[in-house]
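Dropping work-v2.cif in here (mmCIF, C-alpha atoms):
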data_model
#
loop_
_atom_site.group_PDB
_atom_site.id
_atom_site.type_symbol
_atom_site.label_atom_id
_atom_site.label_comp_id
_atom_site.auth_asym_id
_atom_site.auth_seq_id
_atom_site.Cartn_x
_atom_site.Cartn_y
_atom_site.Cartn_z
ATOM 1 C CA MET Q 1465 -84.642 -12.020 -71.038
ATOM 2 C CA PRO Q 1466 -84.937 -15.561 -69.646
ATOM 3 C CA THR Q 1467 -88.069 -17.618 -70.231
ATOM 4 C CA ALA Q 1468 -90.813 -16.556 -67.805
ATOM 5 C CA ILE Q 1469 -91.814 -19.149 -65.197
ATOM 6 C CA ALA Q 1470 -95.385 -18.743 -63.958
ATOM 7 C CA VAL Q 1471 -97.422 -20.490 -61.258
ATOM 8 C CA THR Q 1472 -101.031 -20.576 -60.114
ATOM 9 C CA SER Q 1473 -100.451 -19.666 -56.470
ATOM 10 C CA PRO Q 1474 -97.943 -17.524 -54.524
ATOM 11 C CA ASP Q 1475 -97.215 -20.405 -52.137
ATOM 12 C CA LEU Q 1476 -95.632 -22.301 -55.048
ATOM 13 C CA VAL Q 1477 -92.879 -19.660 -55.109
ATOM 14 C CA LEU Q 1478 -90.045 -20.718 -52.793
ATOM 15 C CA ALA Q 1479 -87.313 -18.340 -51.712
ATOM 16 C CA PRO Q 1480 -84.508 -18.273 -54.312
ATOM 17 C CA PRO Q 1481 -81.132 -19.822 -53.413
ATOM 18 C CA ASP Q 1482 -79.208 -16.814 -54.735
ATOM 19 C CA ARG Q 1483 -79.609 -13.296 -56.121
ATOM 20 C CA VAL Q 1484 -79.580 -14.259 -59.783
ATOM 21 C CA THR Q 1485 -82.509 -16.698 -59.753
ATOM 22 C CA PRO Q 1486 -85.461 -14.932 -61.436
ATOM 23 C CA PRO Q 1487 -88.801 -14.652 -59.634
ATOM 24 C CA ALA Q 1488 -91.874 -16.618 -60.627
ATOM 25 C CA HIS Q 1489 -94.961 -14.829 -61.923
ATOM 26 C CA VAL Q 1490 -98.247 -15.599 -60.177
ATOM 27 C CA LEU Q 1491 -101.315 -15.966 -62.422
ATOM 28 C CA GLY Q 1492 -104.347 -15.159 -60.317
ATOM 29 C CA PRO Q 1493 -107.417 -17.438 -60.153
ATOM 30 C CA PRO Q 1494 -110.580 -16.495 -62.078
ATOM 31 C CA GLU Q 1495 -112.367 -15.292 -58.936
ATOM 32 C CA ARG Q 1496 -109.592 -12.768 -58.219
ATOM 33 C CA GLN Q 1497 -108.565 -11.685 -61.696
ATOM 34 C CA SER Q 1498 -110.756 -10.785 -64.652
ATOM 35 C CA LEU Q 1499 -110.137 -12.397 -68.020
ATOM 36 C CA ASP Q 1500 -109.071 -9.049 -69.493
ATOM 37 C CA ASP Q 1501 -106.504 -8.538 -66.724
ATOM 38 C CA ALA Q 1502 -105.251 -12.116 -67.110
ATOM 39 C CA LEU Q 1503 -104.866 -11.635 -70.870
ATOM 40 C CA SER Q 1504 -102.988 -8.379 -70.339
ATOM 41 C CA GLN Q 1505 -100.653 -10.028 -67.835
ATOM 42 C CA MET Q 1506 -99.919 -12.956 -70.131
ATOM 43 C CA TYR Q 1507 -99.438 -10.699 -73.167
ATOM 44 C CA PHE Q 1508 -96.975 -8.590 -71.167
ATOM 45 C CA LEU Q 1509 -94.993 -11.690 -70.136
ATOM 46 C CA LEU Q 1510 -94.819 -12.857 -73.750
ATOM 47 C CA GLU Q 1511 -93.647 -9.435 -74.906
ATOM 48 C CA GLN Q 1512 -91.000 -9.244 -72.188
ATOM 49 C CA HIS Q 1513 -89.746 -12.850 -72.178
ATOM 50 C CA GLY Q 1514 -90.717 -14.389 -75.519
ATOM 51 C CA HIS Q 1515 -91.955 -17.632 -73.948
ATOM 52 C CA VAL Q 1516 -93.929 -18.439 -70.783
ATOM 53 C CA LEU Q 1517 -93.755 -21.744 -68.909
ATOM 54 C CA VAL Q 1518 -96.756 -22.228 -66.579
ATOM 55 C CA VAL Q 1519 -96.403 -24.978 -63.966
ATOM 56 C CA HIS Q 1520 -99.315 -26.128 -61.820
ATOM 57 C CA SER Q 1521 -100.236 -29.048 -59.605
ATOM 58 C CA HIS Q 1522 -102.741 -31.758 -60.500
ATOM 59 C CA ALA Q 1523 -104.538 -30.491 -57.385
ATOM 60 C CA ALA Q 1524 -105.070 -27.017 -58.858
ATOM 61 C CA PRO Q 1525 -108.768 -26.067 -59.119
ATOM 62 C CA GLN Q 1526 -110.181 -26.974 -62.514
ATOM 63 C CA GLU Q 1527 -111.560 -23.463 -62.948
ATOM 64 C CA HIS Q 1528 -108.032 -22.119 -62.775
ATOM 65 C CA VAL Q 1529 -106.699 -24.726 -65.210
ATOM 66 C CA ARG Q 1530 -109.472 -23.887 -67.695
ATOM 67 C CA ARG Q 1531 -108.563 -20.206 -67.371
ATOM 68 C CA LEU Q 1532 -104.966 -21.040 -68.343
ATOM 69 C CA GLN Q 1533 -106.196 -23.008 -71.349
ATOM 70 C CA THR Q 1534 -108.432 -20.079 -72.318
ATOM 71 C CA LEU Q 1535 -105.524 -17.648 -72.160
ATOM 72 C CA ARG Q 1536 -103.463 -19.822 -74.472
ATOM 73 C CA ALA Q 1537 -106.353 -20.282 -76.895
ATOM 74 C CA VAL Q 1538 -107.367 -16.618 -77.047
ATOM 75 C CA LEU Q 1539 -103.783 -15.452 -77.570
ATOM 76 C CA GLU Q 1540 -103.339 -18.235 -80.153
ATOM 77 C CA SER Q 1541 -99.781 -18.631 -78.976
ATOM 78 C CA ASP Q 1542 -97.583 -21.710 -79.013
ATOM 79 C CA ARG Q 1543 -95.136 -19.711 -76.911
ATOM 80 C CA ILE Q 1544 -97.140 -20.612 -73.777
ATOM 81 C CA ALA Q 1545 -96.504 -24.051 -72.255
ATOM 82 C CA LEU Q 1546 -98.855 -25.496 -69.621
ATOM 83 C CA ILE Q 1547 -97.185 -28.148 -67.461
ATOM 84 C CA SER Q 1548 -99.357 -30.101 -65.038
ATOM 85 C CA SER Q 1549 -97.262 -31.895 -62.431
ATOM 86 C CA ALA Q 1550 -98.286 -35.027 -60.531
ATOM 87 C CA LEU Q 1551 -95.874 -34.138 -57.715
ATOM 88 C CA PRO Q 1552 -97.327 -33.108 -54.352
ATOM 89 C CA PRO Q 1553 -97.723 -29.323 -54.160
ATOM 90 C CA LEU Q 1554 -94.500 -28.683 -52.216
ATOM 91 C CA GLY Q 1555 -92.672 -30.859 -54.750
ATOM 92 C CA VAL Q 1556 -94.176 -28.694 -57.500
ATOM 93 C CA ALA Q 1557 -92.861 -25.594 -55.722
ATOM 94 C CA LEU Q 1558 -89.403 -27.174 -55.585
ATOM 95 C CA LEU Q 1559 -89.578 -28.037 -59.291
ATOM 96 C CA VAL Q 1560 -90.578 -24.462 -60.079
ATOM 97 C CA ARG Q 1561 -87.571 -23.123 -58.187
ATOM 98 C CA GLN Q 1562 -85.244 -25.450 -60.099
ATOM 99 C CA LEU Q 1563 -86.730 -24.265 -63.404
ATOM 100 C CA ARG Q 1564 -86.242 -20.669 -62.291
ATOM 101 C CA GLN Q 1565 -82.600 -21.448 -61.529
ATOM 102 C CA LEU Q 1566 -82.111 -23.020 -64.950
ATOM 103 C CA SER Q 1567 -83.824 -20.136 -66.732
ATOM 104 C CA ALA Q 1568 -80.920 -17.925 -65.653
ATOM 105 C CA CYS Q 1569 -78.402 -20.316 -67.259
ATOM 106 C CA ASP Q 1570 -79.053 -19.452 -70.902
ATOM 107 C CA VAL Q 1571 -81.265 -22.533 -71.340
ATOM 108 C CA GLY Q 1572 -83.665 -22.235 -74.280
ATOM 109 C CA PRO Q 1573 -87.447 -22.414 -73.716
ATOM 110 C CA GLY Q 1574 -87.841 -25.792 -75.430
ATOM 111 C CA VAL Q 1575 -85.124 -27.404 -73.324
ATOM 112 C CA LEU Q 1576 -86.420 -25.695 -70.183
ATOM 113 C CA GLY Q 1577 -89.968 -26.943 -70.767
ATOM 114 C CA ALA Q 1578 -88.801 -30.519 -71.344
ATOM 115 C CA ALA Q 1579 -86.450 -30.284 -68.352
ATOM 116 C CA ALA Q 1580 -89.472 -30.278 -66.037
ATOM 117 C CA LYS Q 1581 -89.908 -34.003 -66.690
ATOM 118 C CA LEU Q 1582 -86.222 -34.719 -66.176
ATOM 119 C CA LEU Q 1583 -85.953 -32.764 -62.923
ATOM 120 C CA THR Q 1584 -89.111 -34.395 -61.538
ATOM 121 C CA TYR Q 1585 -87.312 -37.737 -61.652
ATOM 122 C CA TYR Q 1586 -84.841 -36.483 -59.006
ATOM 123 C CA ILE Q 1587 -87.323 -34.972 -56.539
ATOM 124 C CA HIS Q 1588 -88.258 -36.930 -53.392
ATOM 125 C CA ALA Q 1589 -91.569 -35.651 -52.032
ATOM 126 C CA GLY Q 1590 -93.800 -36.801 -49.215
ATOM 127 C CA ALA Q 1591 -95.558 -35.880 -45.995
ATOM 128 C CA LEU Q 1592 -96.124 -36.797 -42.384
ATOM 129 C CA LEU Q 1593 -99.850 -37.438 -41.846
ATOM 130 C CA ASN Q 1594 -102.080 -38.304 -38.904
ATOM 131 C CA SER Q 1595 -104.597 -40.035 -41.175
ATOM 132 C CA VAL Q 1596 -104.557 -41.784 -44.546
ATOM 133 C CA THR Q 1597 -108.292 -42.459 -44.816
ATOM 134 C CA ARG Q 1598 -108.661 -39.956 -47.668
ATOM 135 C CA LEU Q 1599 -105.258 -40.459 -49.273
ATOM 136 C CA ASP Q 1600 -105.724 -41.473 -52.915
ATOM 137 C CA ALA Q 1601 -102.357 -40.600 -54.450
ATOM 138 C CA VAL Q 1602 -100.441 -43.403 -52.679
ATOM 139 C CA PRO Q 1603 -101.532 -47.048 -52.194
ATOM 140 C CA VAL Q 1604 -102.846 -47.543 -48.632
ATOM 141 C CA SER Q 1605 -103.198 -50.968 -47.015
ATOM 142 C CA LEU Q 1606 -106.248 -52.028 -45.010
ATOM 143 C CA LYS Q 1607 -104.059 -52.126 -41.893
ATOM 144 C CA ALA Q 1608 -103.018 -48.515 -42.429
ATOM 145 C CA HIS Q 1609 -106.641 -47.490 -42.975
ATOM 146 C CA ALA Q 1610 -107.572 -49.180 -39.697
ATOM 147 C CA ARG Q 1611 -104.686 -47.523 -37.848
ATOM 148 C CA SER Q 1612 -105.934 -44.117 -39.043
ATOM 149 C CA TRP Q 1613 -108.816 -44.445 -36.574
ATOM 150 C CA VAL Q 1614 -106.453 -44.935 -33.628
ATOM 151 C CA PRO Q 1615 -105.775 -41.629 -31.797
ATOM 152 C CA GLY Q 1616 -102.166 -40.511 -32.068
ATOM 153 C CA SER Q 1617 -101.336 -42.508 -35.193
ATOM 154 C CA GLN Q 1618 -98.716 -41.036 -37.498
ATOM 155 C CA PHE Q 1619 -97.763 -42.043 -41.024
ATOM 156 C CA ALA Q 1620 -94.663 -41.163 -43.017
ATOM 157 C CA VAL Q 1621 -95.541 -41.188 -46.716
ATOM 158 C CA LEU Q 1622 -93.284 -40.873 -49.749
ATOM 159 C CA ALA Q 1623 -95.302 -40.066 -52.864
ATOM 160 C CA HIS Q 1624 -92.428 -39.699 -55.326
ATOM 161 C CA PRO Q 1625 -90.321 -41.142 -56.905
ATOM 162 C CA THR Q 1626 -91.537 -44.503 -55.532
ATOM 163 C CA PRO Q 1627 -94.621 -44.594 -53.263
ATOM 164 C CA GLU Q 1628 -93.962 -45.746 -49.706
ATOM 165 C CA LEU Q 1629 -96.060 -45.630 -46.538
ATOM 166 C CA VAL Q 1630 -94.803 -46.534 -43.058
ATOM 167 C CA MET Q 1631 -96.417 -46.111 -39.667
ATOM 168 C CA LEU Q 1632 -94.330 -44.265 -37.118
ATOM 169 C CA GLY Q 1633 -93.680 -46.218 -33.949
ATOM 170 C CA PRO Q 1634 -91.281 -46.170 -30.992
ATOM 171 C CA ASP Q 1635 -88.427 -47.127 -33.291
ATOM 172 C CA GLY Q 1636 -89.262 -44.404 -35.798
ATOM 173 C CA ALA Q 1637 -89.481 -45.046 -39.523
ATOM 174 C CA ARG Q 1638 -87.273 -44.854 -42.566
ATOM 175 C CA LEU Q 1639 -88.215 -43.821 -46.078
ATOM 176 C CA THR Q 1640 -86.018 -44.483 -49.097
ATOM 177 C CA GLY Q 1641 -84.099 -41.299 -49.777
ATOM 178 C CA PRO Q 1642 -81.973 -39.836 -52.566
ATOM 179 C CA ASP Q 1643 -78.483 -41.178 -53.261
ATOM 180 C CA PHE Q 1644 -77.176 -37.762 -54.320
ATOM 181 C CA PRO Q 1645 -76.735 -34.421 -52.483
ATOM 182 C CA THR Q 1646 -79.988 -32.582 -51.804
ATOM 183 C CA HIS Q 1647 -81.551 -29.825 -49.746
ATOM 184 C CA LEU Q 1648 -84.752 -30.586 -47.823
ATOM 185 C CA THR Q 1649 -87.697 -28.170 -47.801
ATOM 186 C CA VAL Q 1650 -90.267 -28.602 -45.017
ATOM 187 C CA ALA Q 1651 -93.728 -27.005 -44.775
ATOM 188 C CA GLN Q 1652 -95.588 -27.350 -41.477
ATOM 189 C CA GLY Q 1653 -99.354 -27.574 -41.643
ATOM 190 C CA GLN Q 1654 -101.759 -28.211 -38.767
ATOM 191 C CA PHE Q 1655 -99.696 -31.261 -37.777
ATOM 192 C CA VAL Q 1656 -96.429 -30.014 -36.276
ATOM 193 C CA SER Q 1657 -93.738 -32.620 -35.676
ATOM 194 C CA GLU Q 1658 -90.006 -32.879 -35.057
ATOM 195 C CA TRP Q 1659 -89.779 -35.990 -37.244
ATOM 196 C CA PRO Q 1660 -88.554 -34.072 -40.345
ATOM 197 C CA ARG Q 1661 -85.298 -33.492 -38.431
ATOM 198 C CA THR Q 1662 -84.928 -37.260 -38.185
ATOM 199 C CA LEU Q 1663 -85.663 -37.545 -41.893
ATOM 200 C CA ALA Q 1664 -82.990 -34.948 -42.662
ATOM 201 C CA ARG Q 1665 -80.412 -37.010 -40.779
ATOM 202 C CA GLN Q 1666 -81.500 -40.248 -42.445
ATOM 203 C CA TRP Q 1667 -81.261 -38.699 -45.892
ATOM 204 C CA SER Q 1668 -78.011 -36.845 -45.090
ATOM 205 C CA VAL Q 1669 -79.323 -33.648 -46.645
ATOM 206 C CA GLN Q 1670 -76.987 -30.678 -46.948
ATOM 207 C CA ALA Q 1671 -79.458 -28.117 -45.633
ATOM 208 C CA VAL Q 1672 -83.049 -27.752 -44.427
ATOM 209 C CA GLN Q 1673 -85.336 -24.847 -45.348
ATOM 210 C CA GLN Q 1674 -88.768 -23.946 -44.018
ATOM 211 C CA ALA Q 1675 -91.585 -22.951 -46.356
ATOM 212 C CA GLU Q 1676 -95.263 -22.078 -46.259
ATOM 213 C CA LEU Q 1677 -97.591 -25.035 -46.760
ATOM 214 C CA PRO Q 1678 -99.224 -24.719 -50.212
ATOM 215 C CA ALA Q 1679 -102.982 -24.223 -50.121
ATOM 216 C CA GLU Q 1680 -103.429 -27.195 -52.482
ATOM 217 C CA SER Q 1681 -101.609 -29.611 -50.136
ATOM 218 C CA ALA Q 1682 -104.684 -30.448 -48.042
ATOM 219 C CA ARG Q 1683 -106.593 -31.464 -51.188
ATOM 220 C CA TRP Q 1684 -103.665 -33.509 -52.542
ATOM 221 C CA TRP Q 1685 -103.015 -35.405 -49.289
ATOM 222 C CA GLY Q 1686 -106.651 -35.721 -48.196
ATOM 223 C CA THR Q 1687 -106.099 -33.930 -44.875
ATOM 224 C CA GLY Q 1688 -104.991 -30.556 -43.566
ATOM 225 C CA ARG Q 1689 -103.198 -32.162 -40.628
ATOM 226 C CA LEU Q 1690 -99.829 -32.765 -42.224
ATOM 227 C CA THR Q 1691 -96.231 -31.696 -42.529
ATOM 228 C CA GLU Q 1692 -95.056 -31.796 -46.141
ATOM 229 C CA PHE Q 1693 -91.460 -32.229 -47.286
ATOM 230 C CA ALA Q 1694 -89.539 -32.304 -50.553
ATOM 231 C CA ALA Q 1695 -85.857 -32.920 -51.278
ATOM 232 C CA GLY Q 1696 -84.082 -32.015 -54.489
ATOM 233 C CA ILE Q 1697 -80.886 -30.763 -56.076
ATOM 234 C CA ALA Q 1698 -80.169 -27.207 -54.983
ATOM 235 C CA ASP Q 1699 -76.918 -26.460 -56.821
ATOM 236 C CA THR Q 1700 -77.646 -24.511 -60.017
ATOM 237 C CA ALA Q 1701 -74.422 -25.733 -61.647
ATOM 238 C CA VAL Q 1702 -75.399 -29.368 -61.037
ATOM 239 C CA LEU Q 1703 -78.866 -28.754 -62.484
ATOM 240 C CA ALA Q 1704 -77.313 -27.165 -65.562
ATOM 241 C CA ARG Q 1705 -74.894 -30.077 -66.054
ATOM 242 C CA LEU Q 1706 -77.730 -32.557 -65.669
ATOM 243 C CA VAL Q 1707 -79.745 -30.888 -68.432
ATOM 244 C CA ALA Q 1708 -76.660 -30.377 -70.614
ATOM 245 C CA SER Q 1709 -75.891 -34.111 -70.475
ATOM 246 C CA VAL Q 1710 -79.032 -34.974 -72.449
ATOM 247 C CA HIS Q 1711 -79.059 -35.110 -76.268
ATOM 248 C CA ARG Q 1712 -80.769 -32.133 -77.928
ATOM 249 C CA PHE Q 1713 -82.586 -31.884 -81.238
ATOM 250 C CA PRO Q 1714 -84.983 -29.473 -82.986
ATOM 251 C CA CYS Q 1715 -88.727 -29.820 -82.515
ATOM 252 C CA PRO Q 1716 -90.173 -31.202 -85.773
ATOM 253 C CA TRP Q 1717 -93.051 -28.698 -85.623
ATOM 254 C CA CYS Q 1718 -92.002 -25.394 -84.019
ATOM 255 C CA GLY Q 1719 -88.229 -25.750 -84.334
ATOM 256 C CA LEU Q 1720 -87.371 -25.151 -80.670
ATOM 257 C CA GLU Q 1721 -84.371 -27.043 -79.346
ATOM 258 C CA LEU Q 1722 -85.611 -29.959 -77.214
ATOM 259 C CA ILE Q 1723 -84.709 -32.778 -74.886
ATOM 260 C CA GLY Q 1724 -87.089 -35.630 -74.070
ATOM 261 C CA ASP Q 1725 -89.946 -37.046 -76.085
ATOM 262 C CA ARG Q 1726 -92.365 -34.135 -76.622
ATOM 263 C CA CYS Q 1727 -92.294 -30.366 -77.023
ATOM 264 C CA ALA Q 1728 -93.844 -28.620 -74.022
ATOM 265 C CA PHE Q 1729 -95.007 -25.688 -76.175
ATOM 266 C CA CYS Q 1730 -96.525 -27.138 -79.348
ATOM 267 C CA ALA Q 1731 -96.959 -30.722 -77.996
ATOM 268 C CA ALA Q 1732 -95.333 -32.245 -81.069
ATOM 269 C CA PRO Q 1733 -93.857 -35.703 -80.374
ATOM 270 C CA VAL Q 1734 -90.277 -36.604 -81.120
ATOM 271 C CA LEU Q 1735 -89.667 -38.184 -84.523
ATOM 272 C CA PRO Q 1736 -89.126 -41.989 -84.511
ATOM 273 C CA ALA Q 1737 -85.492 -41.564 -85.582
ATOM 274 C CA GLU Q 1738 -84.874 -39.372 -82.549
ATOM 275 C CA HIS Q 1739 -86.557 -41.930 -80.286
ATOM 276 C CA SER Q 1740 -84.011 -44.484 -81.451
ATOM 277 C CA SER Q 1741 -81.032 -42.314 -80.508
ATOM 278 C CA PRO Q 1742 -79.115 -43.917 -77.622
ATOM 279 C CA SER Q 1743 -78.606 -40.500 -76.085
ATOM 280 C CA GLY Q 1744 -82.207 -39.356 -76.516
ATOM 281 C CA THR Q 1745 -85.150 -40.213 -74.267
ATOM 282 C CA ALA Q 1746 -83.386 -43.143 -72.590
ATOM 283 C CA ALA Q 1747 -80.523 -40.869 -71.602
ATOM 284 C CA MET Q 1748 -83.015 -38.368 -70.229
ATOM 285 C CA ARG Q 1749 -84.362 -40.999 -67.850
ATOM 286 C CA GLY Q 1750 -80.957 -42.242 -66.824
ATOM 287 C CA ALA Q 1751 -78.779 -39.164 -66.577
ATOM 288 C CA GLY Q 1752 -77.468 -38.725 -63.050
ATOM 289 C CA PRO Q 1753 -77.264 -35.426 -61.149
ATOM 290 C CA SER Q 1754 -73.496 -35.473 -61.492
ATOM 291 C CA GLY Q 1755 -73.958 -35.156 -65.267
ATOM 292 C CA ARG Q 1756 -73.027 -38.811 -65.853
ATOM 293 C CA SER Q 1757 -75.364 -41.601 -66.944
ATOM 294 C CA ARG Q 1758 -76.415 -43.908 -64.212
#

Please rewrite the model in this file as structure tokens.
Amino acid sequence: MPTAIAVTSPDLVLAPPDRVTPPAHVLGPPERQSLDDALSQMYFLLEQHGHVLVVHSHAAPQEHVRRLQTLRAVLESDRIALISSALPPLGVALLVRQLRQLSACDVGPGVLGAAAKLLTYYIHAGALLNSVTRLDAVPVSLKAHARSWVPGSQFAVLAHPTPELVMLGPDGARLTGPDFPTHLTVAQGQFVSEWPRTLARQWSVQAVQQAELPAESARWWGTGRLTEFAAGIADTAVLARLVASVHRFPCPWCGLELIGDRCAFCAAPVLPAEHSSPSGTAAMRGAGPSGRSR
């Protein structure tokens, strides 16, 4: 069985691109699921899949994050990895789908857990907002803050990979997009706009999908009046080649095969000798989606 991918909310589970991509498992919040039920669910996933990779947003409620930490501690298992992502919530959902795709490609749990960092590098995530007065995740100028008080103002914001904020005007706006093929996922909140179609043309995306706005998006962006978007690699074969292009080595503590600089399951860092490998961490940052170094 492939490594289980789990999330903290059903709206972080995007529709799969094909019939072979495994589903994600939703771990209910403390107010909806007792600790005994949560332990039983996690124990079942471990028995069925061997390892469980839990991905959640930085915006996830702290009570839910503490519940995840409790589950791992009570089960005393280093086969549970907790990955907290700084991406906006829709970007987290896109990352989760990519990990689900990879889990069906005979990718080991250690490589899959470390791949979350690698795949994040290639996700472009942002939102269209009507106000940036409560936006903390992206630098906001005084001029933009002032414009937030003007009725009808609109802001196009790119949170990742490089923060950008532009005010929409008669001539539109342009955000720096990916230089490789992507699909764009759009989630409409209380602020409905046709501008994402313009963004899709500017970024030359291959396809556009609609999704439900994650419940955590309003907290992350500081407003519920938004349209969130995220672009990323959709081709499973390209994702697999990207991960395969990175040097692998055994974890010095738990022995899982790894890429990157730290094991997602036992948190052991890479040995200094592995850091010095030219095809180690540096290659992980620079590998291109075509499977070639950039």

Taking the file above as input, evaluate the PyMOL selection byres ((chain Q and resi 1637-1649) around 10) and report the hits as a PyMOL selection string.
-> chain Q and resi 1478+1554-1555+1557-1558+1586-1590+1619-1622+1625-1636+1650-1651+1659-1664+1666-1676+1692-1699+1752-1754

Have a look at atom CA of Ala1728 of chain Q and atom CA of Gln1505 of chain Q and let me know their distance in Å, one decimal.
->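 A separation of 20.7 Å between them.
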
Find the residues around Arg1561 of chain Q up to 12 Å (only C-alpha atoms counted), leave out those fewer than 3 positions away in its own chain, and share them as a ChimeraX atom specification.
-> /Q:1469-1471,1475-1482,1485-1489,1519,1554-1558,1564-1568,1580,1583-1584,1587,1649,1696-1700,1703

Smallest atom-to-atom distance to His1520 of chain Q: which of Q:Pro1474, Q:Arg1536, Q:Ala1502, Q:Asp1542, using only C-alpha atoms?
->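 Under the stated criterion, the closest residue is Q:Pro1474.
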
Evaluating the PyMOL selection byres ((chain Q and resi 1531) around 10) on the displayed file yields which residues, as an mmCIF file with C-alpha atoms, in the frame of the given file?
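This is the output file part-v6.cif:
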data_model
loop_
_atom_site.group_PDB
_atom_site.id
_atom_site.type_symbol
_atom_site.label_atom_id
_atom_site.label_comp_id
_atom_site.auth_asym_id
_atom_site.auth_seq_id
_atom_site.Cartn_x
_atom_site.Cartn_y
_atom_site.Cartn_z
ATOM 1 C CA LEU Q 1491 -101.315 -15.966 -62.422
ATOM 2 C CA GLY Q 1492 -104.347 -15.159 -60.317
ATOM 3 C CA PRO Q 1493 -107.417 -17.438 -60.153
ATOM 4 C CA PRO Q 1494 -110.580 -16.495 -62.078
ATOM 5 C CA LEU Q 1499 -110.137 -12.397 -68.020
ATOM 6 C CA ALA Q 1502 -105.251 -12.116 -67.110
ATOM 7 C CA LEU Q 1503 -104.866 -11.635 -70.870
ATOM 8 C CA GLN Q 1526 -110.181 -26.974 -62.514
ATOM 9 C CA GLU Q 1527 -111.560 -23.463 -62.948
ATOM 10 C CA HIS Q 1528 -108.032 -22.119 -62.775
ATOM 11 C CA VAL Q 1529 -106.699 -24.726 -65.210
ATOM 12 C CA ARG Q 1530 -109.472 -23.887 -67.695
ATOM 13 C CA LEU Q 1532 -104.966 -21.040 -68.343
ATOM 14 C CA GLN Q 1533 -106.196 -23.008 -71.349
ATOM 15 C CA THR Q 1534 -108.432 -20.079 -72.318
ATOM 16 C CA LEU Q 1535 -105.524 -17.648 -72.160
ATOM 17 C CA ARG Q 1536 -103.463 -19.822 -74.472
ATOM 18 C CA ALA Q 1537 -106.353 -20.282 -76.895
#

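Across the model, the gap from atom CA of Val1702 of chain Q to atom CA of Gly1514 of chain Q is 25.9 Å.
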
Between Q:Ala1704, Q:Ala1731, Q:Ala1591, Q:Ala1579, which one has atoms that come closest to Trp1685 of chain Q, using only C-alpha atoms?
->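 Nearest candidate to Trp1685 of chain Q out of Q:Ala1704, Q:Ala1731, Q:Ala1591, Q:Ala1579: Q:Ala1591.
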
Write out as a PyMOL selection string each polymer residue whose atoms come within 10 Å of Tyr1507 of chain Q, counting all atoms listed in the file; drop sequence neighbours fewer than 6 positions from it.
-> chain Q and resi 1501+1513-1514+1516+1535+1539+1541

Atom CA of Ala1550 of chain Q to atom CA of Ala1623 of chain Q: how many Å, to one decimal?
->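 For atom CA of Ala1550 of chain Q relative to atom CA of Ala1623 of chain Q, the distance reads 9.6 Å.
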
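Minimum distance to Val1602 of chain Q across Q:Pro1552, Q:Pro1733, Q:Pro1466, Q:Pro1714 (counting all atoms listed in the file) occurs at Q:Pro1552.
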
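With distances restricted to only C-alpha atoms, Q:Ala1524 is the closest residue to Ala1679 of chain Q from Q:Ala1524, Q:Cys1715, Q:Val1484, Q:Leu1517.
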
Write segment 1682-1690 of chain Q as a PDB file, keeping the file's coordinate frame, completed to N, CA, C and O atoms.
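The file below, result.pdb, is the result:
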ATOM      1  N   ALA Q1682    -103.622 -29.734 -48.762  1.00  0.00           N
ATOM      2  CA  ALA Q1682    -104.684 -30.448 -48.042  1.00  0.00           C
ATOM      3  C   ALA Q1682    -105.530 -31.275 -49.007  1.00  0.00           C
ATOM      4  O   ALA Q1682    -105.909 -32.409 -48.703  1.00  0.00           O
ATOM      5  N   ARG Q1683    -105.815 -30.720 -50.194  1.00  0.00           N
ATOM      6  CA  ARG Q1683    -106.593 -31.464 -51.188  1.00  0.00           C
ATOM      7  C   ARG Q1683    -105.787 -32.647 -51.713  1.00  0.00           C
ATOM      8  O   ARG Q1683    -106.317 -33.744 -51.886  1.00  0.00           O
ATOM      9  N   TRP Q1684    -104.504 -32.450 -51.970  1.00  0.00           N
ATOM     10  CA  TRP Q1684    -103.665 -33.509 -52.542  1.00  0.00           C
ATOM     11  C   TRP Q1684    -103.501 -34.667 -51.570  1.00  0.00           C
ATOM     12  O   TRP Q1684    -103.579 -35.838 -51.964  1.00  0.00           O
ATOM     13  N   TRP Q1685    -103.281 -34.362 -50.292  1.00  0.00           N
ATOM     14  CA  TRP Q1685    -103.015 -35.405 -49.289  1.00  0.00           C
ATOM     15  C   TRP Q1685    -104.273 -35.909 -48.588  1.00  0.00           C
ATOM     16  O   TRP Q1685    -104.214 -36.877 -47.833  1.00  0.00           O
ATOM     17  N   GLY Q1686    -105.412 -35.259 -48.803  1.00  0.00           N
ATOM     18  CA  GLY Q1686    -106.651 -35.721 -48.196  1.00  0.00           C
ATOM     19  C   GLY Q1686    -106.835 -35.293 -46.759  1.00  0.00           C
ATOM     20  O   GLY Q1686    -107.776 -35.738 -46.090  1.00  0.00           O
ATOM     21  N   THR Q1687    -105.971 -34.418 -46.246  1.00  0.00           N
ATOM     22  CA  THR Q1687    -106.099 -33.930 -44.875  1.00  0.00           C
ATOM     23  C   THR Q1687    -105.286 -32.647 -44.730  1.00  0.00           C
ATOM     24  O   THR Q1687    -104.267 -32.467 -45.413  1.00  0.00           O
ATOM     25  N   GLY Q1688    -105.741 -31.770 -43.852  1.00  0.00           N
ATOM     26  CA  GLY Q1688    -104.991 -30.556 -43.566  1.00  0.00           C
ATOM     27  C   GLY Q1688    -104.013 -30.736 -42.428  1.00  0.00           C
ATOM     28  O   GLY Q1688    -103.182 -29.863 -42.162  1.00  0.00           O
ATOM     29  N   ARG Q1689    -104.104 -31.880 -41.733  1.00  0.00           N
ATOM     30  CA  ARG Q1689    -103.198 -32.162 -40.628  1.00  0.00           C
ATOM     31  C   ARG Q1689    -101.984 -32.912 -41.170  1.00  0.00           C
ATOM     32  O   ARG Q1689    -101.964 -34.143 -41.217  1.00  0.00           O
ATOM     33  N   LEU Q1690    -101.001 -32.158 -41.601  1.00  0.00           N
ATOM     34  CA  LEU Q1690     -99.829 -32.765 -42.224  1.00  0.00           C
ATOM     35  C   LEU Q1690     -98.636 -31.841 -42.105  1.00  0.00           C
ATOM     36  O   LEU Q1690     -98.768 -30.640 -41.849  1.00  0.00           O
TER      37      LEU Q1690
END
